[in-house]
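One file, model-v4.pdb, is given below (PDB, C-alpha atoms).
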```pdb
ATOM      1  CA  MET A1316       0.000   0.000   0.000
ATOM      2  CA  LYS A1317       2.785   2.367   0.926
ATOM      3  CA  LYS A1318       4.501   1.660  -2.402
ATOM      4  CA  LYS A1319       1.318   2.603  -4.310
ATOM      5  CA  ILE A1320       1.008   5.877  -2.388
ATOM      6  CA  ILE A1321       4.649   6.737  -3.044
ATOM      7  CA  LEU A1322       4.187   5.901  -6.738
ATOM      8  CA  ILE A1323       1.084   8.108  -7.025
ATOM      9  CA  VAL A1324       2.802  11.008  -5.245
ATOM     10  CA  GLY A1325       5.806  10.616  -7.550
ATOM     11  CA  ILE A1326       3.589  10.737 -10.648
ATOM     12  CA  LEU A1327       1.827  13.870  -9.373
ATOM     13  CA  ILE A1328       5.163  15.594  -8.732
ATOM     14  CA  VAL A1329       6.357  14.772 -12.262
ATOM     15  CA  VAL A1330       3.111  16.121 -13.769
ATOM     16  CA  LEU A1331       3.324  19.346 -11.745
ATOM     17  CA  LEU A1332       6.957  19.928 -12.666
ATOM     18  CA  SER A1333       6.089  19.363 -16.324
ATOM     19  CA  MET A1334       3.282  21.934 -16.169
ATOM     20  CA  VAL A1335       5.543  24.529 -14.498
ATOM     21  CA  SER A1336       8.271  23.983 -17.079
ATOM     22  CA  CYS A1337       5.855  24.353 -20.001
ATOM     23  CA  SER A1338       4.462  27.560 -18.492
ATOM     24  CA  ALA A1339       7.959  28.981 -18.008
ATOM     25  CA  ILE A1340       8.984  28.099 -21.560
ATOM     26  CA  SER A1341       5.787  29.652 -22.925
ATOM     27  CA  THR A1342       6.434  32.838 -20.945
ATOM     28  CA  LEU A1343       9.984  33.080 -22.245
ATOM     29  CA  LEU A1344       8.831  32.545 -25.822
ATOM     30  CA  ASN A1345       6.188  35.240 -25.462
ATOM     31  CA  ARG A1346       8.736  37.666 -24.035
ATOM     32  CA  SER A1347      11.196  36.986 -26.805
ATOM     33  CA  ASN A1348       8.587  37.997 -29.378
ATOM     34  CA  THR A1349       7.584  41.208 -27.584
ATOM     35  CA  VAL A1350       9.417  44.542 -27.770
ATOM     36  CA  ASN A1351      10.015  45.776 -24.236
ATOM     37  CA  TYR A1352       8.939  49.409 -23.969
ATOM     38  CA  GLN A1353       8.730  49.338 -20.190
ATOM     39  CA  VAL A1354      10.662  51.799 -18.082
ATOM     40  CA  ASP A1355      11.262  51.869 -14.350
ATOM     41  CA  ILE A1356       8.507  54.271 -13.304
ATOM     42  CA  ARG A1357       9.299  54.425  -9.609
ATOM     43  CA  ASP A1358      10.795  57.905  -9.996
ATOM     44  CA  LEU A1359       7.952  59.028 -12.241
ATOM     45  CA  GLU A1360       5.408  58.068  -9.574
ATOM     46  CA  ASN A1361       7.237  60.134  -6.984
ATOM     47  CA  PRO A1362       5.379  63.448  -6.698
ATOM     48  CA  ASN A1363       8.596  65.233  -5.672
ATOM     49  CA  VAL A1364      10.539  64.473  -8.862
ATOM     50  CA  GLY A1365       9.679  67.816 -10.458
ATOM     51  CA  THR A1366      10.675  69.700  -7.329
ATOM     52  CA  ALA A1367      13.995  67.857  -7.177
ATOM     53  CA  VAL A1368      14.737  68.488 -10.861
ATOM     54  CA  ALA A1369      13.940  72.195 -10.530
ATOM     55  CA  SER A1370      16.080  72.515  -7.424
ATOM     56  CA  ASN A1371      19.019  70.678  -9.012
ATOM     57  CA  SER A1372      19.007  72.657 -12.250
ATOM     58  CA  ILE A1373      17.680  76.161 -11.614
ATOM     59  CA  ASN A1374      21.119  77.694 -10.980
ATOM     60  CA  SER A1375      22.244  76.517 -14.443
ATOM     61  CA  CYS A1376      19.192  77.731 -16.386
ATOM     62  CA  VAL A1377      19.015  81.250 -17.769
ATOM     63  CA  ARG A1378      16.997  83.755 -19.725
ATOM     64  CA  ILE A1379      18.542  85.088 -22.924
ATOM     65  CA  VAL A1380      17.742  88.643 -24.039
ATOM     66  CA  SER A1381      19.169  89.643 -27.431
ATOM     67  CA  THR A1382      19.094  93.243 -28.636
ATOM     68  CA  PHE A1383      19.188  93.989 -32.372
ATOM     69  CA  ASN A1384      19.515  97.249 -34.263
ATOM     70  CA  PHE A1385      17.651  97.351 -37.574
ATOM     71  CA  SER A1386      18.458 100.671 -39.233
ATOM     72  CA  GLY A1387      18.020 102.563 -36.001
ATOM     73  CA  ASP A1388      15.080 100.465 -34.841
ATOM     74  CA  THR A1389      16.028  98.582 -31.656
ATOM     75  CA  ARG A1390      14.316  95.251 -31.048
ATOM     76  CA  THR A1391      14.713  92.532 -28.467
ATOM     77  CA  VAL A1392      14.281  88.778 -28.749
ATOM     78  CA  SER A1393      13.742  86.707 -25.614
ATOM     79  CA  GLY A1394      14.552  83.054 -25.128
ATOM     80  CA  ALA A1395      16.193  80.650 -22.742
ATOM     81  CA  GLY A1396      19.437  78.742 -22.370
ATOM     82  CA  PHE A1397      21.553  76.711 -19.968
ATOM     83  CA  VAL A1398      25.131  76.606 -18.715
ATOM     84  CA  VAL A1399      27.277  73.666 -19.840
ATOM     85  CA  THR A1400      30.698  74.547 -18.397
ATOM     86  CA  THR A1401      31.849  75.972 -15.092
ATOM     87  CA  ASP A1402      33.604  78.864 -16.852
ATOM     88  CA  GLY A1403      30.441  80.208 -18.445
ATOM     89  CA  TYR A1404      29.627  78.651 -21.818
ATOM     90  CA  VAL A1405      25.900  78.635 -22.568
ATOM     91  CA  ILE A1406      23.724  76.763 -25.074
ATOM     92  CA  THR A1407      20.671  78.357 -26.677
ATOM     93  CA  ASN A1408      18.851  78.335 -30.022
ATOM     94  CA  ARG A1409      20.337  80.082 -33.025
ATOM     95  CA  HIS A1410      17.104  81.929 -33.728
ATOM     96  CA  VAL A1411      17.276  83.548 -30.265
ATOM     97  CA  VAL A1412      20.594  85.242 -31.116
ATOM     98  CA  VAL A1413      20.546  85.454 -34.927
ATOM     99  CA  GLN A1414      17.950  87.168 -37.112
ATOM    100  CA  TYR A1415      17.719  86.855 -40.881
ATOM    101  CA  VAL A1416      17.274  90.261 -42.432
ATOM    102  CA  ALA A1417      15.320  91.270 -45.530
ATOM    103  CA  SER A1418      16.669  93.869 -47.919
ATOM    104  CA  TYR A1419      13.963  96.281 -46.792
ATOM    105  CA  GLY A1420      14.870  95.978 -43.112
ATOM    106  CA  SER A1421      12.388  93.486 -41.670
ATOM    107  CA  SER A1422      13.540  90.198 -40.224
ATOM    108  CA  THR A1423      12.668  86.555 -39.830
ATOM    109  CA  THR A1424      14.031  83.916 -37.474
ATOM    110  CA  SER A1425      13.694  81.174 -40.088
ATOM    111  CA  MET A1426      16.477  80.010 -42.361
ATOM    112  CA  GLU A1427      14.939  81.109 -45.662
ATOM    113  CA  LYS A1428      17.795  81.251 -48.137
ATOM    114  CA  THR A1429      16.165  83.365 -50.816
ATOM    115  CA  SER A1430      17.036  86.606 -52.516
ATOM    116  CA  THR A1431      14.813  88.366 -49.951
ATOM    117  CA  PHE A1432      15.984  86.821 -46.669
ATOM    118  CA  ASN A1433      19.648  85.973 -46.831
ATOM    119  CA  LYS A1434      21.690  88.050 -44.409
ATOM    120  CA  ALA A1435      22.415  86.944 -40.841
ATOM    121  CA  LYS A1436      22.046  89.743 -38.312
ATOM    122  CA  THR A1437      23.770  89.263 -34.960
ATOM    123  CA  PRO A1438      22.838  91.167 -31.771
ATOM    124  CA  THR A1439      24.424  94.358 -30.550
ATOM    125  CA  GLU A1440      24.043  92.930 -27.048
ATOM    126  CA  ILE A1441      23.269  89.556 -25.459
ATOM    127  CA  LYS A1442      22.293  89.296 -21.796
ATOM    128  CA  VAL A1443      22.398  86.008 -19.899
ATOM    129  CA  VAL A1444      20.088  86.399 -16.891
ATOM    130  CA  PHE A1445      19.978  83.970 -13.966
ATOM    131  CA  ALA A1446      17.010  83.180 -11.719
ATOM    132  CA  ASP A1447      18.132  85.726  -9.112
ATOM    133  CA  ASN A1448      18.300  88.394 -11.879
ATOM    134  CA  THR A1449      22.110  88.444 -11.835
ATOM    135  CA  TYR A1450      23.193  88.872 -15.432
ATOM    136  CA  TYR A1451      26.287  88.830 -17.622
ATOM    137  CA  LEU A1452      26.832  90.096 -21.137
ATOM    138  CA  ALA A1453      27.823  87.374 -23.559
ATOM    139  CA  ASP A1454      29.560  86.863 -26.894
ATOM    140  CA  LEU A1455      28.021  84.817 -29.683
ATOM    141  CA  CYS A1456      30.739  82.250 -30.313
ATOM    142  CA  TYR A1457      29.345  79.762 -32.795
ATOM    143  CA  PHE A1458      26.330  78.812 -34.921
ATOM    144  CA  ILE A1459      25.888  77.113 -38.286
ATOM    145  CA  ASP A1460      24.701  79.562 -40.928
ATOM    146  CA  GLU A1461      23.270  77.009 -43.355
ATOM    147  CA  GLU A1462      19.722  76.273 -44.465
ATOM    148  CA  GLY A1463      18.138  73.371 -42.626
ATOM    149  CA  GLU A1464      21.006  73.085 -40.165
ATOM    150  CA  ILE A1465      20.600  72.570 -36.446
ATOM    151  CA  ASP A1466      19.011  75.454 -34.509
ATOM    152  CA  LEU A1467      21.714  75.841 -31.845
ATOM    153  CA  ALA A1468      24.230  78.466 -30.787
ATOM    154  CA  ILE A1469      27.069  78.716 -28.279
ATOM    155  CA  LEU A1470      27.503  81.787 -26.071
ATOM    156  CA  LYS A1471      30.287  82.728 -23.663
ATOM    157  CA  MET A1472      29.588  84.975 -20.698
ATOM    158  CA  LYS A1473      32.015  87.896 -20.327
ATOM    159  CA  ASP A1474      33.689  89.532 -17.350
ATOM    160  CA  THR A1475      32.758  86.722 -14.981
ATOM    161  CA  GLY A1476      35.849  87.095 -12.806
ATOM    162  CA  ALA A1477      36.470  84.101 -10.572
ATOM    163  CA  VAL A1478      32.866  82.894 -10.652
ATOM    164  CA  VAL A1479      32.497  79.113 -10.976
ATOM    165  CA  PHE A1480      29.114  78.391 -12.546
ATOM    166  CA  ASP A1481      26.863  75.434 -11.886
ATOM    167  CA  ARG A1482      26.531  73.480 -15.105
ATOM    168  CA  LEU A1483      24.246  70.749 -16.378
ATOM    169  CA  GLN A1484      25.361  67.304 -17.463
ATOM    170  CA  ILE A1485      24.440  66.276 -20.995
ATOM    171  CA  ASP A1486      23.143  62.720 -21.275
ATOM    172  CA  GLN A1487      23.326  61.065 -24.683
ATOM    173  CA  THR A1488      23.171  57.459 -23.500
ATOM    174  CA  SER A1489      19.734  57.046 -21.905
ATOM    175  CA  GLN A1490      16.818  55.876 -24.004
ATOM    176  CA  ILE A1491      13.778  58.154 -24.193
ATOM    177  CA  TYR A1492      10.319  56.609 -24.017
ATOM    178  CA  TYR A1493       6.785  57.451 -25.114
ATOM    179  CA  GLY A1494       4.973  59.053 -22.201
ATOM    180  CA  GLN A1495       8.155  59.791 -20.244
ATOM    181  CA  SER A1496       7.989  62.814 -17.978
ATOM    182  CA  ALA A1497      10.404  65.607 -18.815
ATOM    183  CA  TYR A1498      11.010  69.134 -17.550
ATOM    184  CA  THR A1499      12.118  72.453 -18.968
ATOM    185  CA  PHE A1500      12.975  75.983 -17.879
ATOM    186  CA  GLY A1501      11.892  78.661 -20.319
ATOM    187  CA  ASN A1502      11.214  82.359 -20.640
ATOM    188  CA  PRO A1503       7.731  82.410 -22.202
ATOM    189  CA  GLU A1504       6.879  85.763 -23.745
ATOM    190  CA  GLY A1505       9.854  87.205 -21.861
ATOM    191  CA  ILE A1506       8.009  87.277 -18.519
ATOM    192  CA  GLY A1507      10.704  85.412 -16.575
ATOM    193  CA  LEU A1508      12.230  82.016 -15.896
ATOM    194  CA  LEU A1509       9.432  79.449 -15.564
ATOM    195  CA  PHE A1510       9.565  75.694 -14.903
ATOM    196  CA  THR A1511       7.303  73.436 -16.966
ATOM    197  CA  SER A1512       6.651  69.702 -16.917
ATOM    198  CA  VAL A1513       5.875  67.972 -20.211
ATOM    199  CA  ASN A1514       5.454  64.446 -21.546
ATOM    200  CA  VAL A1515       7.316  62.826 -24.429
ATOM    201  CA  ALA A1516       4.726  62.454 -27.187
ATOM    202  CA  ASN A1517       7.192  60.836 -29.596
ATOM    203  CA  PRO A1518      10.849  60.176 -28.758
ATOM    204  CA  SER A1519      12.086  60.431 -32.344
ATOM    205  CA  MET A1520      10.291  62.087 -35.263
ATOM    206  CA  LYS A1521      11.316  63.984 -38.394
ATOM    207  CA  MET A1522       9.580  67.297 -38.957
ATOM    208  CA  SER A1523       9.640  66.740 -42.716
ATOM    209  CA  SER A1524      10.474  63.915 -45.106
ATOM    210  CA  ASP A1525      13.735  65.600 -46.148
ATOM    211  CA  GLY A1526      14.726  66.769 -42.665
ATOM    212  CA  LEU A1527      18.291  66.231 -41.463
ATOM    213  CA  TYR A1528      17.374  65.492 -37.846
ATOM    214  CA  GLU A1529      14.896  63.566 -35.756
ATOM    215  CA  TYR A1530      13.417  65.465 -32.826
ATOM    216  CA  ILE A1531      11.727  64.755 -29.509
ATOM    217  CA  MET A1532       8.049  65.720 -29.709
ATOM    218  CA  LEU A1533       6.557  67.072 -26.487
ATOM    219  CA  ASP A1534       3.063  67.307 -25.078
ATOM    220  CA  GLY A1535       2.871  70.346 -22.804
ATOM    221  CA  ASN A1536       2.962  74.116 -22.531
ATOM    222  CA  ILE A1537       5.749  75.161 -24.889
ATOM    223  CA  ASN A1538       5.431  78.873 -25.645
ATOM    224  CA  HIS A1539       7.318  81.615 -27.450
ATOM    225  CA  GLY A1540      10.314  82.308 -25.234
ATOM    226  CA  ASN A1541      10.866  78.658 -24.332
ATOM    227  CA  SER A1542      13.264  78.464 -27.278
ATOM    228  CA  GLY A1543      16.731  77.392 -26.182
ATOM    229  CA  GLY A1544      15.460  76.033 -22.890
ATOM    230  CA  VAL A1545      16.907  72.807 -21.553
ATOM    231  CA  LEU A1546      14.894  69.564 -21.622
ATOM    232  CA  LEU A1547      15.651  67.490 -18.528
ATOM    233  CA  ASP A1548      14.845  63.956 -17.417
ATOM    234  CA  GLY A1549      13.922  62.902 -13.887
ATOM    235  CA  ASN A1550      17.604  62.716 -12.960
ATOM    236  CA  SER A1551      18.206  66.372 -13.911
ATOM    237  CA  LYS A1552      20.266  65.322 -16.947
ATOM    238  CA  VAL A1553      20.030  67.157 -20.279
ATOM    239  CA  ILE A1554      18.162  65.047 -22.841
ATOM    240  CA  GLY A1555      17.364  67.818 -25.307
ATOM    241  CA  VAL A1556      16.999  71.496 -26.182
ATOM    242  CA  VAL A1557      13.542  72.980 -26.776
ATOM    243  CA  PHE A1558      13.429  74.922 -30.044
ATOM    244  CA  ALA A1559       9.889  75.162 -31.428
ATOM    245  CA  ARG A1560       6.217  74.488 -31.024
ATOM    246  CA  VAL A1561       3.881  73.169 -33.693
ATOM    247  CA  GLU A1562       1.481  75.859 -34.835
ATOM    248  CA  SER A1563      -1.468  75.810 -37.181
ATOM    249  CA  LYS A1564      -0.762  77.234 -40.619
ATOM    250  CA  ALA A1565      -2.740  80.208 -41.842
ATOM    251  CA  GLY A1566      -5.796  79.068 -43.776
ATOM    252  CA  SER A1567      -5.545  75.532 -42.434
ATOM    253  CA  ASN A1568      -8.651  73.711 -41.240
ATOM    254  CA  THR A1569      -6.643  71.921 -38.557
ATOM    255  CA  ASN A1570      -5.550  73.238 -35.200
ATOM    256  CA  ALA A1571      -2.468  72.141 -33.250
ATOM    257  CA  TYR A1572      -2.113  72.970 -29.576
ATOM    258  CA  GLY A1573       0.405  72.056 -26.925
ATOM    259  CA  ILE A1574       2.912  70.255 -29.156
ATOM    260  CA  GLY A1575       6.567  71.194 -28.767
ATOM    261  CA  CYS A1576       9.816  70.032 -30.327
ATOM    262  CA  ALA A1577      13.259  69.481 -28.849
ATOM    263  CA  ILE A1578      16.682  68.752 -30.337
ATOM    264  CA  LYS A1579      18.152  65.492 -29.048
ATOM    265  CA  SER A1580      21.127  65.613 -26.688
ATOM    266  CA  LYS A1581      23.213  63.430 -29.024
ATOM    267  CA  ASP A1582      22.819  66.044 -31.746
ATOM    268  CA  LEU A1583      23.735  68.757 -29.247
ATOM    269  CA  ILE A1584      26.938  66.867 -28.384
ATOM    270  CA  ASN A1585      27.810  66.487 -32.073
ATOM    271  CA  PHE A1586      27.182  70.199 -32.609
ATOM    272  CA  ILE A1587      29.551  71.085 -29.762
ATOM    273  CA  LYS A1588      32.219  68.633 -30.882
ATOM    274  CA  GLY A1589      32.117  70.057 -34.411
ATOM    275  CA  SER A1590      32.205  73.687 -33.320
ATOM    276  CA  THR A1591      35.098  76.130 -33.281
ATOM    277  CA  GLU A1592      34.667  76.195 -29.495
ATOM    278  CA  ALA A1593      35.073  72.443 -28.947
ATOM    279  CA  SER A1594      38.473  72.694 -27.297
ATOM    280  CA  SER A1595      37.517  75.736 -25.226
ATOM    281  CA  LEU A1596      34.371  74.055 -23.969
ATOM    282  CA  ASN A1597      36.517  71.178 -22.670
ATOM    283  CA  TYR A1598      34.188  68.440 -23.822
ATOM    284  CA  SER A1599      35.584  66.007 -21.274
ATOM    285  CA  GLU A1600      34.307  68.272 -18.487
ATOM    286  CA  TYR A1601      30.649  67.551 -19.062
ATOM    287  CA  LYS A1602      30.457  64.425 -21.230
ATOM    288  CA  PRO A1603      28.255  61.657 -19.819
ATOM    289  CA  GLU A1604      29.896  59.480 -17.212
ATOM    290  CA  THR A1605      30.499  55.875 -18.250
ATOM    291  CA  THR A1606      30.859  52.755 -16.191
ATOM    292  CA  GLU A1607      33.084  49.850 -17.035
TER     293      GLU A1607
END
```
With the file now loaded, output its structure as structure tokens.
Amino acid sequence: MKKKIILIVGILIVVLLSMVSCSAISTLLNRSNTVNYQVDIRDLENPNVGTAVASNSINSCVRIVSTFNFSGDTRTVSGAGFVVTTDGYVITNRHVVVQYVASYGSSTTSMEKTSTFNKAKTPTEIKVVFADNTYYLADLCYFIDEEGEIDLAILKMKDTGAVVFDRLQIDQTSQIYYGQSAYTFGNPEGIGLLFTSVNVANPSMKMSSDGLYEYIMLDGNINHGNSGGVLLDGNSKVIGVVFARVESKAGSNTNAYGIGCAIKSKDLINFIKGSTEASSLNYSEYKPETTE
């Protein structure tokens, strides 16, 4: 009798082990055929992430105020930027510090290489203004004056003395996900430095079929004056540079609201490395840390 009981128990154990093994194999097969878009959302669920990001980065984020002189007519353009080296180099958008001038004196911030708009106008003065309203004048060091090229510029603050600036770390290694929370400091309509949280609507999209770059599309309040503002992840690392918002075209039956665009950090790094300021910026100072 005991032998029969032992035999039955043994058979049951074998059957159960077989079922568990089949289930495990099936799970592994299903996983192998599924693209994993999951991200560790523990930080995203933390309601204090935005506060921490703002606190960590605010001393490195700035307003940019560019003053232009068009035949005696003084105009200002407001935008944003961020510090990338401790000795005062700043990143912003080209269109914040360069205007393209028509032969009759008006201007456009677009790169229209036509017989009408073809001359780059640089500012008579650039102010870099911090959150506490401390400001420095700055030189425009580098931008690419070519149609369709990346909308970035490098500034260098002047007469900074022995000041050691807080700078942001540029991250080109982390993957960006649909729905990921992100954060930006901007200067909307020139009213002051404001912090905004957005979501990644698409981590990589071309603005046109013949575009040179893929951009991060954002769902959130991106306004005029946010141009040049840093795009940060939940770890306060730079993942992009805000440069535009999608707007409805005149005469169009469609309306677009709350969609922004940002240049990817990898393209920012390539821009810096290819610039005339690459050695001065000391790329090794702020490149992403790597682990062996």
| Quick one: residues within 9 Å of Asn1384 (chain A), only C-alpha atoms counted, chain neighbours fewer than 4 positions away excluded, as number ranges by chain? | A: 1388-1391, 1436, 1438-1439
Resolved residues for the PyMOL selection byres ((chain A and resi 1507-1517) around 7) as an mmCIF file with C-alpha atoms, keeping the file's coordinate frame:
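Writing done, so here's expr.cif:
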```cif
data_model
loop_
_atom_site.group_PDB
_atom_site.id
_atom_site.type_symbol
_atom_site.label_atom_id
_atom_site.label_comp_id
_atom_site.auth_asym_id
_atom_site.auth_seq_id
_atom_site.Cartn_x
_atom_site.Cartn_y
_atom_site.Cartn_z
ATOM 1 C CA ARG A 1378 16.997 83.755 -19.725
ATOM 2 C CA ALA A 1446 17.010 83.180 -11.719
ATOM 3 C CA TYR A 1492 10.319 56.609 -24.017
ATOM 4 C CA TYR A 1493 6.785 57.451 -25.114
ATOM 5 C CA GLY A 1494 4.973 59.053 -22.201
ATOM 6 C CA GLN A 1495 8.155 59.791 -20.244
ATOM 7 C CA SER A 1496 7.989 62.814 -17.978
ATOM 8 C CA ALA A 1497 10.404 65.607 -18.815
ATOM 9 C CA TYR A 1498 11.010 69.134 -17.550
ATOM 10 C CA THR A 1499 12.118 72.453 -18.968
ATOM 11 C CA PHE A 1500 12.975 75.983 -17.879
ATOM 12 C CA GLY A 1501 11.892 78.661 -20.319
ATOM 13 C CA ASN A 1502 11.214 82.359 -20.640
ATOM 14 C CA GLY A 1505 9.854 87.205 -21.861
ATOM 15 C CA ILE A 1506 8.009 87.277 -18.519
ATOM 16 C CA PRO A 1518 10.849 60.176 -28.758
ATOM 17 C CA SER A 1519 12.086 60.431 -32.344
ATOM 18 C CA MET A 1520 10.291 62.087 -35.263
ATOM 19 C CA ILE A 1531 11.727 64.755 -29.509
ATOM 20 C CA MET A 1532 8.049 65.720 -29.709
ATOM 21 C CA LEU A 1533 6.557 67.072 -26.487
ATOM 22 C CA ASP A 1534 3.063 67.307 -25.078
ATOM 23 C CA GLY A 1535 2.871 70.346 -22.804
#
```
| query | Which is closest to Met1522 (chain A) among A:Gly1394, A:Gly1403, A:Gly1387, A:Gly1575, if we use all atoms listed in the file? | reply |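 That would be A:Gly1575, the residue with the smallest distance to Met1522 (chain A).
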| task | Grab the CA of Glu1529 (chain A) to CA of Asp1460 (chain A) distance for me, in Å with one decimal place. | result |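 CA of Asp1460 (chain A) lies 19.5 Å from CA of Glu1529 (chain A).
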| query | Counting all atoms listed in the file, what is within 7 Å of Val1377 (chain A), bar same-chain residues fewer than 6 positions away, as a PyMOL selection string? | reply | chain A and resi 1395-1397+1443-1446
Residues selected by the PyMOL selection byres ((chain A and resi 1487) around 12), written as a PDB file with C-alpha atoms, in the frame of the given file:
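What landed in selection34.pdb:
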```pdb
ATOM      1  CA  GLN A1484      25.361  67.304 -17.463  1.00  0.00           C
ATOM      2  CA  ILE A1485      24.440  66.276 -20.995  1.00  0.00           C
ATOM      3  CA  ASP A1486      23.143  62.720 -21.275  1.00  0.00           C
ATOM      4  CA  THR A1488      23.171  57.459 -23.500  1.00  0.00           C
ATOM      5  CA  SER A1489      19.734  57.046 -21.905  1.00  0.00           C
ATOM      6  CA  GLN A1490      16.818  55.876 -24.004  1.00  0.00           C
ATOM      7  CA  ILE A1491      13.778  58.154 -24.193  1.00  0.00           C
ATOM      8  CA  LEU A1547      15.651  67.490 -18.528  1.00  0.00           C
ATOM      9  CA  ASP A1548      14.845  63.956 -17.417  1.00  0.00           C
ATOM     10  CA  LYS A1552      20.266  65.322 -16.947  1.00  0.00           C
ATOM     11  CA  VAL A1553      20.030  67.157 -20.279  1.00  0.00           C
ATOM     12  CA  ILE A1554      18.162  65.047 -22.841  1.00  0.00           C
ATOM     13  CA  GLY A1555      17.364  67.818 -25.307  1.00  0.00           C
ATOM     14  CA  ILE A1578      16.682  68.752 -30.337  1.00  0.00           C
ATOM     15  CA  LYS A1579      18.152  65.492 -29.048  1.00  0.00           C
ATOM     16  CA  SER A1580      21.127  65.613 -26.688  1.00  0.00           C
ATOM     17  CA  LYS A1581      23.213  63.430 -29.024  1.00  0.00           C
ATOM     18  CA  ASP A1582      22.819  66.044 -31.746  1.00  0.00           C
ATOM     19  CA  LEU A1583      23.735  68.757 -29.247  1.00  0.00           C
ATOM     20  CA  ILE A1584      26.938  66.867 -28.384  1.00  0.00           C
ATOM     21  CA  ASN A1585      27.810  66.487 -32.073  1.00  0.00           C
ATOM     22  CA  TYR A1601      30.649  67.551 -19.062  1.00  0.00           C
ATOM     23  CA  LYS A1602      30.457  64.425 -21.230  1.00  0.00           C
ATOM     24  CA  PRO A1603      28.255  61.657 -19.819  1.00  0.00           C
ATOM     25  CA  GLU A1604      29.896  59.480 -17.212  1.00  0.00           C
ATOM     26  CA  THR A1605      30.499  55.875 -18.250  1.00  0.00           C
TER      27      THR A1605
END
```
| query | If the PyMOL selection byres ((chain A and resi 1404) around 10) is run on the structure shown, which residues does it catch, given as number ranges by chain? | reply | A: 1397-1403, 1405-1406, 1453-1454, 1456, 1469-1473, 1480, 1482, 1592, 1595-1596
| query | Using all atoms listed in the file, which of the listed residues (A:Arg1409, A:Ile1465, A:Lys1434, A:Asn1371) sits closest to Gly1589 (chain A)? | reply | A:Ile1465
| One-decimal distance in Å that lies between CA of Ser1393 (chain A) and CA of Ile1587 (chain A) |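 Those two atoms sit 22.6 Å apart.
When CA of Phe1558 (chain A) is paired with CA of Tyr1415 (chain A), their separation reads 16.7 Å.
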| field | Top pick for closest residue to Gly1463 (chain A), considering A:Val1392, A:Ser1381, A:Thr1437, A:Leu1527 and counting all atoms listed in the file | value |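 Residue with the minimum atom-to-atom distance to Gly1463 (chain A): A:Leu1527.
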Calculate, to one decimal in Å, the centre and edge lengths of the box along x, y and z of the file that holds all listed atoms of region 1494-1500 of chain A with 5 Å of margin on each side, and present them as JSON.
```
{"center_x": 9.0, "center_y": 67.5, "center_z": -19.9, "size_x": 18.0, "size_y": 26.9, "size_z": 14.7}
```
| field | Selection near region 1536-1539 of chain A, 6 Å with only C-alpha atoms, sequence-local residues under 4 positions removed, as a PyMOL selection string | value | chain A and resi 1503-1504+1573+1575
What would region 1582-1591 of chain A look like with N, CA, C and O atoms in place, written as a short mmCIF file (atom, residue, chain, number, x, y, z; two decimals), in the frame of the given file?
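Just written: part10.cif:
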```
data_model
loop_
_atom_site.label_atom_id
_atom_site.label_comp_id
_atom_site.auth_asym_id
_atom_site.auth_seq_id
_atom_site.Cartn_x
_atom_site.Cartn_y
_atom_site.Cartn_z
N ASP A 1582 22.56 65.06 -30.70
CA ASP A 1582 22.82 66.04 -31.75
C ASP A 1582 23.45 67.30 -31.17
O ASP A 1582 24.26 67.97 -31.83
N LEU A 1583 23.09 67.65 -29.94
CA LEU A 1583 23.74 68.76 -29.25
C LEU A 1583 25.22 68.46 -29.04
O LEU A 1583 26.09 69.31 -29.30
N ILE A 1584 25.54 67.26 -28.59
CA ILE A 1584 26.94 66.87 -28.38
C ILE A 1584 27.71 66.95 -29.69
O ILE A 1584 28.84 67.48 -29.74
N ASN A 1585 27.13 66.44 -30.77
CA ASN A 1585 27.81 66.49 -32.07
C ASN A 1585 28.02 67.92 -32.54
O ASN A 1585 29.05 68.25 -33.15
N PHE A 1586 27.05 68.78 -32.27
CA PHE A 1586 27.18 70.20 -32.61
C PHE A 1586 28.36 70.82 -31.86
O PHE A 1586 29.19 71.53 -32.44
N ILE A 1587 28.46 70.54 -30.57
CA ILE A 1587 29.55 71.08 -29.76
C ILE A 1587 30.90 70.54 -30.24
O ILE A 1587 31.86 71.30 -30.40
N LYS A 1588 30.96 69.26 -30.48
CA LYS A 1588 32.22 68.63 -30.88
C LYS A 1588 32.69 69.15 -32.24
O LYS A 1588 33.89 69.22 -32.50
N GLY A 1589 31.76 69.55 -33.09
CA GLY A 1589 32.12 70.06 -34.41
C GLY A 1589 32.30 71.56 -34.47
O GLY A 1589 32.60 72.11 -35.52
N SER A 1590 32.15 72.23 -33.33
CA SER A 1590 32.20 73.69 -33.32
C SER A 1590 33.63 74.20 -33.18
O SER A 1590 34.55 73.46 -32.82
N THR A 1591 33.80 75.48 -33.46
CA THR A 1591 35.10 76.13 -33.28
C THR A 1591 35.45 76.26 -31.81
O THR A 1591 36.59 76.56 -31.46
#
```
